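Below is run_15.pdb, which holds PDB, C-alpha atoms.
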```
ATOM      1  CA  MET A   1       0.000   0.000   0.000
ATOM      2  CA  GLN A   2       1.374   3.396  -0.953
ATOM      3  CA  ARG A   3       1.652   5.924   1.817
ATOM      4  CA  LEU A   4       2.634   9.554   1.995
ATOM      5  CA  LYS A   5       6.072  10.158   3.426
ATOM      6  CA  ASN A   6       5.674  13.853   4.156
ATOM      7  CA  ARG A   7       2.653  14.874   6.204
ATOM      8  CA  GLY A   8       1.839  17.895   4.019
ATOM      9  CA  GLN A   9      -1.447  19.038   2.469
ATOM     10  CA  THR A  10      -3.235  18.958   5.801
ATOM     11  CA  GLY A  11      -6.335  20.761   4.526
ATOM     12  CA  PRO A  12      -7.179  18.359   1.671
ATOM     13  CA  ARG A  13      -6.320  15.333   3.785
ATOM     14  CA  PHE A  14      -8.617  16.545   6.577
ATOM     15  CA  ILE A  15     -11.495  16.900   4.109
ATOM     16  CA  ILE A  16     -10.930  13.325   2.890
ATOM     17  CA  TYR A  17     -10.644  12.172   6.513
ATOM     18  CA  LEU A  18     -13.887  13.862   7.565
ATOM     19  CA  PHE A  19     -15.749  12.608   4.499
ATOM     20  CA  GLY A  20     -14.522   9.083   5.190
ATOM     21  CA  LEU A  21     -15.825   9.244   8.765
ATOM     22  CA  LEU A  22     -19.218  10.468   7.562
ATOM     23  CA  VAL A  23     -19.419   7.645   5.023
ATOM     24  CA  MET A  24     -18.287   4.995   7.489
ATOM     25  CA  SER A  25     -20.730   6.186  10.162
ATOM     26  CA  LEU A  26     -23.570   6.056   7.645
ATOM     27  CA  GLY A  27     -22.618   2.467   6.878
ATOM     28  CA  ILE A  28     -22.666   1.608  10.590
ATOM     29  CA  VAL A  29     -26.144   3.075  11.057
ATOM     30  CA  LEU A  30     -27.547   1.424   7.920
ATOM     31  CA  LEU A  31     -26.257  -1.941   9.138
ATOM     32  CA  ILE A  32     -28.127  -1.403  12.404
ATOM     33  CA  LEU A  33     -31.304  -0.286  10.604
ATOM     34  CA  ALA A  34     -31.211  -3.194   8.151
ATOM     35  CA  ASP A  35     -32.253  -5.308  11.141
ATOM     36  CA  LEU A  36     -30.382  -8.393   9.955
ATOM     37  CA  GLY A  37     -27.770  -8.155  12.671
ATOM     38  CA  PRO A  38     -25.428  -5.198  13.331
ATOM     39  CA  SER A  39     -21.659  -5.350  13.096
ATOM     40  CA  PRO A  40     -19.862  -7.153  15.948
ATOM     41  CA  TRP A  41     -18.690  -3.832  17.393
ATOM     42  CA  ASP A  42     -22.262  -2.570  17.385
ATOM     43  CA  VAL A  43     -23.474  -5.769  19.004
ATOM     44  CA  LEU A  44     -21.108  -4.701  21.786
ATOM     45  CA  HIS A  45     -22.263  -1.065  21.771
ATOM     46  CA  VAL A  46     -25.949  -1.972  21.681
ATOM     47  CA  GLY A  47     -25.379  -4.565  24.420
ATOM     48  CA  LEU A  48     -23.763  -1.894  26.598
ATOM     49  CA  TYR A  49     -26.647   0.459  25.761
ATOM     50  CA  TYR A  50     -29.204  -2.158  26.830
ATOM     51  CA  LYS A  51     -27.314  -2.865  30.017
ATOM     52  CA  PHE A  52     -26.235   0.593  31.150
ATOM     53  CA  GLY A  53     -28.194   3.193  29.146
ATOM     54  CA  LEU A  54     -26.634   6.297  27.487
ATOM     55  CA  THR A  55     -26.631   6.152  23.643
ATOM     56  CA  ILE A  56     -25.072   3.826  21.082
ATOM     57  CA  GLY A  57     -22.811   6.658  19.944
ATOM     58  CA  SER A  58     -21.721   7.320  23.528
ATOM     59  CA  TRP A  59     -20.652   3.704  23.987
ATOM     60  CA  ASN A  60     -18.788   3.908  20.693
ATOM     61  CA  VAL A  61     -16.701   6.696  22.259
ATOM     62  CA  ILE A  62     -16.256   5.062  25.671
ATOM     63  CA  ALA A  63     -15.229   1.700  24.227
ATOM     64  CA  GLY A  64     -12.936   3.561  21.849
ATOM     65  CA  PHE A  65     -10.895   5.050  24.691
ATOM     66  CA  PHE A  66     -10.172   1.574  26.048
ATOM     67  CA  ILE A  67      -9.348   0.081  22.641
ATOM     68  CA  LEU A  68      -7.067   2.990  21.748
ATOM     69  CA  GLY A  69      -5.126   2.389  24.960
ATOM     70  CA  VAL A  70      -4.596  -1.271  24.052
ATOM     71  CA  SER A  71      -3.493  -0.264  20.544
ATOM     72  CA  ALA A  72      -0.973   2.224  21.983
ATOM     73  CA  MET A  73       0.533  -0.477  24.212
ATOM     74  CA  ILE A  74       0.909  -2.882  21.269
ATOM     75  CA  SER A  75       2.429  -0.315  18.920
ATOM     76  CA  LYS A  76       4.368   1.398  21.748
ATOM     77  CA  SER A  77       3.507   4.800  20.319
ATOM     78  CA  ILE A  78       1.183   7.657  21.193
ATOM     79  CA  PRO A  79      -1.898   7.683  18.940
ATOM     80  CA  GLN A  80      -2.239  10.588  16.534
ATOM     81  CA  PHE A  81      -4.682  13.375  17.335
ATOM     82  CA  GLY A  82      -6.874  12.123  14.496
ATOM     83  CA  ALA A  83      -7.423   8.858  16.349
ATOM     84  CA  PHE A  84      -9.053  10.691  19.253
ATOM     85  CA  LEU A  85     -10.979  12.955  16.892
ATOM     86  CA  ASN A  86     -12.185   9.865  15.034
ATOM     87  CA  MET A  87     -13.506   8.319  18.222
ATOM     88  CA  ILE A  88     -15.527  11.402  19.149
ATOM     89  CA  LEU A  89     -16.816  12.254  15.661
ATOM     90  CA  VAL A  90     -17.967   8.729  14.815
ATOM     91  CA  GLY A  91     -19.971   8.576  18.040
ATOM     92  CA  LEU A  92     -21.583  11.933  17.221
ATOM     93  CA  PHE A  93     -22.248  10.990  13.596
ATOM     94  CA  ILE A  94     -23.889   7.690  14.602
ATOM     95  CA  ASP A  95     -26.322   9.431  16.958
ATOM     96  CA  MET A  96     -26.915  12.126  14.316
ATOM     97  CA  TYR A  97     -27.822   9.612  11.595
ATOM     98  CA  LEU A  98     -30.071   7.686  13.995
ATOM     99  CA  MET A  99     -32.124  10.860  14.515
ATOM    100  CA  ILE A 100     -32.868  11.324  10.780
ATOM    101  CA  PRO A 101     -36.588  10.486  10.351
ATOM    102  CA  PHE A 102     -36.431   9.031   6.824
ATOM    103  CA  LEU A 103     -33.711   6.528   7.694
ATOM    104  CA  GLN A 104     -35.919   3.587   8.549
ATOM    105  CA  THR A 105     -35.785  -0.216   8.478
ATOM    106  CA  PRO A 106     -37.192  -1.510   5.138
ATOM    107  CA  SER A 107     -40.502  -3.343   5.399
ATOM    108  CA  SER A 108     -39.516  -6.236   3.108
ATOM    109  CA  LEU A 109     -36.782  -8.836   3.482
ATOM    110  CA  THR A 110     -35.452  -7.918   0.040
ATOM    111  CA  GLY A 111     -35.132  -4.288   1.095
ATOM    112  CA  LYS A 112     -33.340  -5.283   4.284
ATOM    113  CA  VAL A 113     -30.861  -7.468   2.362
ATOM    114  CA  VAL A 114     -30.154  -4.686  -0.152
ATOM    115  CA  MET A 115     -29.631  -2.166   2.655
ATOM    116  CA  PHE A 116     -27.377  -4.629   4.467
ATOM    117  CA  VAL A 117     -25.121  -5.281   1.454
ATOM    118  CA  VAL A 118     -24.882  -1.607   0.500
ATOM    119  CA  ALA A 119     -24.206  -0.644   4.131
ATOM    120  CA  LEU A 120     -21.355  -3.162   4.425
ATOM    121  CA  LEU A 121     -19.659  -1.748   1.322
ATOM    122  CA  ILE A 122     -20.230   1.840   2.476
ATOM    123  CA  ASN A 123     -18.732   1.014   5.870
ATOM    124  CA  CYS A 124     -15.577  -0.574   4.451
ATOM    125  CA  TYR A 125     -14.919   2.123   1.865
ATOM    126  CA  GLY A 126     -15.590   4.878   4.388
ATOM    127  CA  MET A 127     -13.019   3.207   6.623
ATOM    128  CA  GLY A 128     -10.576   3.032   3.709
ATOM    129  CA  LEU A 129     -11.056   6.720   2.880
ATOM    130  CA  TYR A 130     -10.420   8.108   6.343
ATOM    131  CA  ILE A 131      -7.428   5.811   6.923
ATOM    132  CA  SER A 132      -5.942   6.876   3.562
ATOM    133  CA  ALA A 133      -5.852  10.500   4.765
ATOM    134  CA  GLN A 134      -3.323   9.383   7.392
ATOM    135  CA  LEU A 135      -4.520  11.693  10.149
ATOM    136  CA  GLY A 136      -4.819   8.797  12.553
ATOM    137  CA  ALA A 137      -6.859   5.620  12.375
ATOM    138  CA  GLY A 138      -9.716   5.236  14.835
ATOM    139  CA  PRO A 139      -9.524   2.968  17.886
ATOM    140  CA  ARG A 140     -10.647  -0.247  16.162
ATOM    141  CA  ASP A 141      -8.646   0.356  13.011
ATOM    142  CA  SER A 142      -5.620   1.508  15.031
ATOM    143  CA  LEU A 143      -5.751  -1.826  16.846
ATOM    144  CA  MET A 144      -6.124  -3.674  13.546
ATOM    145  CA  LEU A 145      -3.124  -1.879  12.019
ATOM    146  CA  ALA A 146      -1.032  -2.283  15.194
ATOM    147  CA  ILE A 147      -1.630  -6.048  15.277
ATOM    148  CA  THR A 148      -0.971  -6.298  11.526
ATOM    149  CA  SER A 149       2.334  -4.465  11.925
ATOM    150  CA  LYS A 150       3.335  -6.508  14.991
ATOM    151  CA  THR A 151       2.455  -9.955  13.649
ATOM    152  CA  GLY A 152       2.855  -9.544   9.895
ATOM    153  CA  TRP A 153      -0.599 -11.091   9.379
ATOM    154  CA  LYS A 154      -2.796  -9.880   6.536
ATOM    155  CA  VAL A 155      -5.346  -7.150   7.236
ATOM    156  CA  GLY A 156      -8.214  -9.497   6.406
ATOM    157  CA  LYS A 157      -7.118 -12.135   8.922
ATOM    158  CA  VAL A 158      -6.567  -9.638  11.722
ATOM    159  CA  ARG A 159      -9.832  -7.790  11.155
ATOM    160  CA  SER A 160     -11.903 -10.969  10.912
ATOM    161  CA  THR A 161     -10.369 -12.336  14.133
ATOM    162  CA  MET A 162     -11.116  -9.083  15.955
ATOM    163  CA  GLU A 163     -14.716  -9.071  14.741
ATOM    164  CA  VAL A 164     -15.385 -12.610  15.953
ATOM    165  CA  LEU A 165     -13.912 -11.963  19.425
ATOM    166  CA  VAL A 166     -15.862  -8.726  19.863
ATOM    167  CA  LEU A 167     -19.023 -10.466  18.681
ATOM    168  CA  ILE A 168     -18.745 -13.041  21.468
ATOM    169  CA  ILE A 169     -18.265 -10.339  24.112
ATOM    170  CA  GLY A 170     -21.168  -8.242  22.778
ATOM    171  CA  TRP A 171     -23.480 -11.254  22.639
ATOM    172  CA  ARG A 172     -22.640 -12.140  26.246
ATOM    173  CA  LEU A 173     -23.651  -8.584  27.209
ATOM    174  CA  GLY A 174     -27.061  -9.065  25.600
ATOM    175  CA  GLY A 175     -26.425  -7.363  22.265
ATOM    176  CA  PRO A 176     -28.592  -8.353  19.254
ATOM    177  CA  LEU A 177     -27.279 -11.238  17.180
ATOM    178  CA  PHE A 178     -28.599 -12.441  13.819
ATOM    179  CA  TRP A 179     -27.179 -14.054  10.695
ATOM    180  CA  GLY A 180     -26.080 -10.689   9.270
ATOM    181  CA  THR A 181     -23.693 -10.231  12.177
ATOM    182  CA  ILE A 182     -21.937 -13.487  11.296
ATOM    183  CA  VAL A 183     -21.665 -12.398   7.655
ATOM    184  CA  ILE A 184     -20.111  -9.087   8.719
ATOM    185  CA  SER A 185     -17.661 -10.879  11.027
ATOM    186  CA  LEU A 186     -16.438 -13.075   8.184
ATOM    187  CA  MET A 187     -16.571 -10.585   5.304
ATOM    188  CA  ILE A 188     -15.530  -7.189   6.663
ATOM    189  CA  GLY A 189     -11.864  -8.188   6.837
ATOM    190  CA  VAL A 190     -11.958  -9.515   3.275
ATOM    191  CA  ILE A 191     -13.608  -6.371   1.918
ATOM    192  CA  ALA A 192     -11.252  -4.140   3.942
ATOM    193  CA  GLY A 193      -8.330  -5.963   2.335
ATOM    194  CA  PHE A 194      -9.526  -4.568  -1.011
ATOM    195  CA  SER A 195     -10.929  -1.195   0.089
ATOM    196  CA  LEU A 196      -7.878   0.043   2.021
ATOM    197  CA  PRO A 197      -5.339  -0.088  -0.844
ATOM    198  CA  GLN A 198      -7.923   1.162  -3.353
ATOM    199  CA  CYS A 199      -8.766   4.163  -1.194
ATOM    200  CA  GLN A 200      -5.068   4.862  -0.572
ATOM    201  CA  ARG A 201      -4.401   4.946  -4.315
ATOM    202  CA  PHE A 202      -7.410   7.245  -4.794
ATOM    203  CA  THR A 203      -6.228   9.644  -2.069
ATOM    204  CA  ASN A 204      -2.661   9.661  -3.408
ATOM    205  CA  PHE A 205      -4.031  10.486  -6.872
ATOM    206  CA  ILE A 206      -6.148  13.371  -5.542
ATOM    207  CA  LEU A 207      -3.260  14.818  -3.541
ATOM    208  CA  GLN A 208      -0.905  14.518  -6.522
ATOM    209  CA  ARG A 209      -3.348  16.420  -8.710
ATOM    210  CA  LEU A 210      -3.772  19.122  -6.093
ATOM    211  CA  LYS A 211      -0.005  19.411  -5.769
ATOM    212  CA  LYS A 212       0.396  19.883  -9.528
ATOM    213  CA  ASN A 213      -2.287  22.579  -9.514
ATOM    214  CA  ASN A 214      -0.653  24.297  -6.542
ATOM    215  CA  PRO A 215       3.171  24.113  -6.776
ATOM    216  CA  LYS A 216       3.513  26.061  -3.517
ATOM    217  CA  SER A 217       1.704  23.402  -1.497
ATOM    218  CA  ASN A 218       3.547  21.215   1.008
ATOM    219  CA  GLN A 219       5.810  18.708  -0.625
ATOM    220  CA  TYR A 220       5.485  14.985  -0.170
ATOM    221  CA  LYS A 221       6.819  11.821  -1.717
ATOM    222  CA  GLU A 222       5.299   8.433  -2.274
ATOM    223  CA  ILE A 223       6.872   5.195  -1.230
ATOM    224  CA  SER A 224       5.729   1.682  -1.996
TER     225      SER A 224
END
```

Can you give me the file's structure in the form of structure tokens?
Amino acid sequence: MQRLKNRGQTGPRFIIYLFGLLVMSLGIVLLILADLGPSPWDVLHVGLYYKFGLTIGSWNVIAGFFILGVSAMISKSIPQFGAFLNMILVGLFIDMYLMIPFLQTPSSLTGKVVMFVVALLINCYGMGLYISAQLGAGPRDSLMLAITSKTGWKVGKVRSTMEVLVLIIGWRLGGPLFWGTIVISLMIGVIAGFSLPQCQRFTNFILQRLKKNNPKSNQYKEIS
């Protein structure tokens, strides 16, 4: 995966980062509304919501603090500011989307399946977009990348393993579990394995074009 060596072009990268978070959060909410089983992480968040109250977005933030701490211990580095910003914004965006009146669970099974599939793709590509901006991966993705770097395992294997473990914990807390949750657990790592490098190439292309149009912008180089 190509990455940017110099951390220039902060403005354009922040726009890509923010857009990626909005897209990913929409995918999370649509997976919940599809009513075929939320993602493993949201089984955990909903389980915590059922057990202790607050909101689903609030538990996304609270759980994120803990996960980010574990990621920092594995990678032995202080998380970027964007990782903390990610944690807060995603929680806010989730609660925001859940308040939109026209976002509703489809009445037919076909509609639910379509929403589920589209939501899964939206979630993975939103994740790929915000990670490609390199302003700091969120708690869950920071942990995924830290484990990948530490073990040398493929992104798909690490992400799928994480999803299954979190699913078990969330289910034990009383979170909703249906066949869609199992599909997400098995497929999100596979899809992320494709979406991350694709989104990185897209972001590199956009930043290169912006650099050519603005020679005075911050310089950066690409490495393989």

**Message:** Restricting the calculation to all atoms listed in the file: of A:Phe194, A:Phe102, A:Trp153, A:Tyr97, which residue gets closest to Met24 (chain A)?
**Reply:**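 The shortest atom-to-atom distance to Met24 (chain A) comes from A:Tyr97.
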
**Asked** Just so the selection is clear, what residues does the PyMOL selection byres ((chain A and resi 206) around 12) cover here, as a list in words?
**Response**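 With the PyMOL selection byres ((chain A and resi 206) around 12) on this model, the match is Gln9, Pro12, Arg13, Ile15, Ile16, Leu129, Ser132, Ala133, Cys199, Gln200, Arg201, Phe202, Thr203, Asn204, Phe205, Leu207, Gln208, Arg209, Leu210, Lys211, Lys212 and Asn213 of chain A.
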
Could you write out the selected residues, including C-alpha atoms, as a tab-separated table (two decimals), in the frame of the given file?
```
chain	number	residue	atom	x	y	z
A	9	GLN	CA	-1.45	19.04	2.47
A	12	PRO	CA	-7.18	18.36	1.67
A	13	ARG	CA	-6.32	15.33	3.78
A	15	ILE	CA	-11.50	16.90	4.11
A	16	ILE	CA	-10.93	13.32	2.89
A	129	LEU	CA	-11.06	6.72	2.88
A	132	SER	CA	-5.94	6.88	3.56
A	133	ALA	CA	-5.85	10.50	4.76
A	199	CYS	CA	-8.77	4.16	-1.19
A	200	GLN	CA	-5.07	4.86	-0.57
A	201	ARG	CA	-4.40	4.95	-4.32
A	202	PHE	CA	-7.41	7.24	-4.79
A	203	THR	CA	-6.23	9.64	-2.07
A	204	ASN	CA	-2.66	9.66	-3.41
A	205	PHE	CA	-4.03	10.49	-6.87
A	207	LEU	CA	-3.26	14.82	-3.54
A	208	GLN	CA	-0.90	14.52	-6.52
A	209	ARG	CA	-3.35	16.42	-8.71
A	210	LEU	CA	-3.77	19.12	-6.09
A	211	LYS	CA	0.00	19.41	-5.77
A	212	LYS	CA	0.40	19.88	-9.53
A	213	ASN	CA	-2.29	22.58	-9.51
```

**Request:** For the file shown, report as number ranges by chain the outcome of the PyMOL selection byres ((chain A and resi 104) around 12) at residue level.
**Result:** A: 29-35, 97-103, 105-108, 111-112, 115

**Request:** Pick out the closest residue to Val183 (chain A) from this set: A:Val61, A:Leu36, A:Leu68, A:Val90. Count all atoms listed in the file.
**Result:**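 Among the listed residues, A:Leu36 lies closest to Val183 (chain A).
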
**Message:** Evaluated on this file, the PyMOL selection byres ((chain A and resi 22) around 10) picks out some residues - which ones are they, written as a count of residues only?
**Reply:** 21

Contacts of Val70 (chain A) within 12 Å, all atoms listed in the file, excl. fewer than 6 positions in-chain, as a PDB file with C-alpha atoms, in the coordinates of the input:
```pdb
ATOM      1  CA  ALA A  63     -15.229   1.700  24.227  1.00  0.00           C
ATOM      2  CA  GLY A  64     -12.936   3.561  21.849  1.00  0.00           C
ATOM      3  CA  LYS A  76       4.368   1.398  21.748  1.00  0.00           C
ATOM      4  CA  SER A  77       3.507   4.800  20.319  1.00  0.00           C
ATOM      5  CA  ILE A  78       1.183   7.657  21.193  1.00  0.00           C
ATOM      6  CA  PRO A  79      -1.898   7.683  18.940  1.00  0.00           C
ATOM      7  CA  PRO A 139      -9.524   2.968  17.886  1.00  0.00           C
ATOM      8  CA  ARG A 140     -10.647  -0.247  16.162  1.00  0.00           C
ATOM      9  CA  ASP A 141      -8.646   0.356  13.011  1.00  0.00           C
ATOM     10  CA  SER A 142      -5.620   1.508  15.031  1.00  0.00           C
ATOM     11  CA  LEU A 143      -5.751  -1.826  16.846  1.00  0.00           C
ATOM     12  CA  MET A 144      -6.124  -3.674  13.546  1.00  0.00           C
ATOM     13  CA  ALA A 146      -1.032  -2.283  15.194  1.00  0.00           C
ATOM     14  CA  ILE A 147      -1.630  -6.048  15.277  1.00  0.00           C
TER      15      ILE A 147
END
```

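Minimum atom-to-atom distance to Leu48 (chain A), evaluated using only C-alpha atoms, belongs to A:Ile169 out of A:Ile184, A:Val164, A:Leu121, A:Ile169.
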
**Message:** Applying 7 Å and all atoms listed in the file, which residues near Leu177 (chain A) remain after dropping the ones on its own chain fewer than 6 positions away? List them as a PyMOL selection string.
**Reply:** chain A and resi 37+43+171

**Asked** What does the distance from CA of Gln134 (chain A) to CA of Phe81 (chain A) come to in Å, to one decimal?
**Response** 10.8 Å

**Prompt:** Any idea what the distance is between CA of Asn60 (chain A) and CA of Gln80 (chain A)?
**Reply:** 18.3 Å

**Message:** As an exercise, work out the distance from CA of Val113 (chain A) to CA of His45 (chain A) in Å and give it to one decimal place.
**Reply:** 22.2 Å

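The closest residue to Ser71 (chain A), picked from A:Pro197, A:Gly138, A:Gly152, A:Gly47 and counting all atoms listed in the file, is A:Gly138.
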
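Among the candidate residues A:Gly156, A:Pro40, A:Gly128, A:Gly91, the one lying nearest to Ile168 (chain A) is A:Pro40, with distances computed using all atoms listed in the file.
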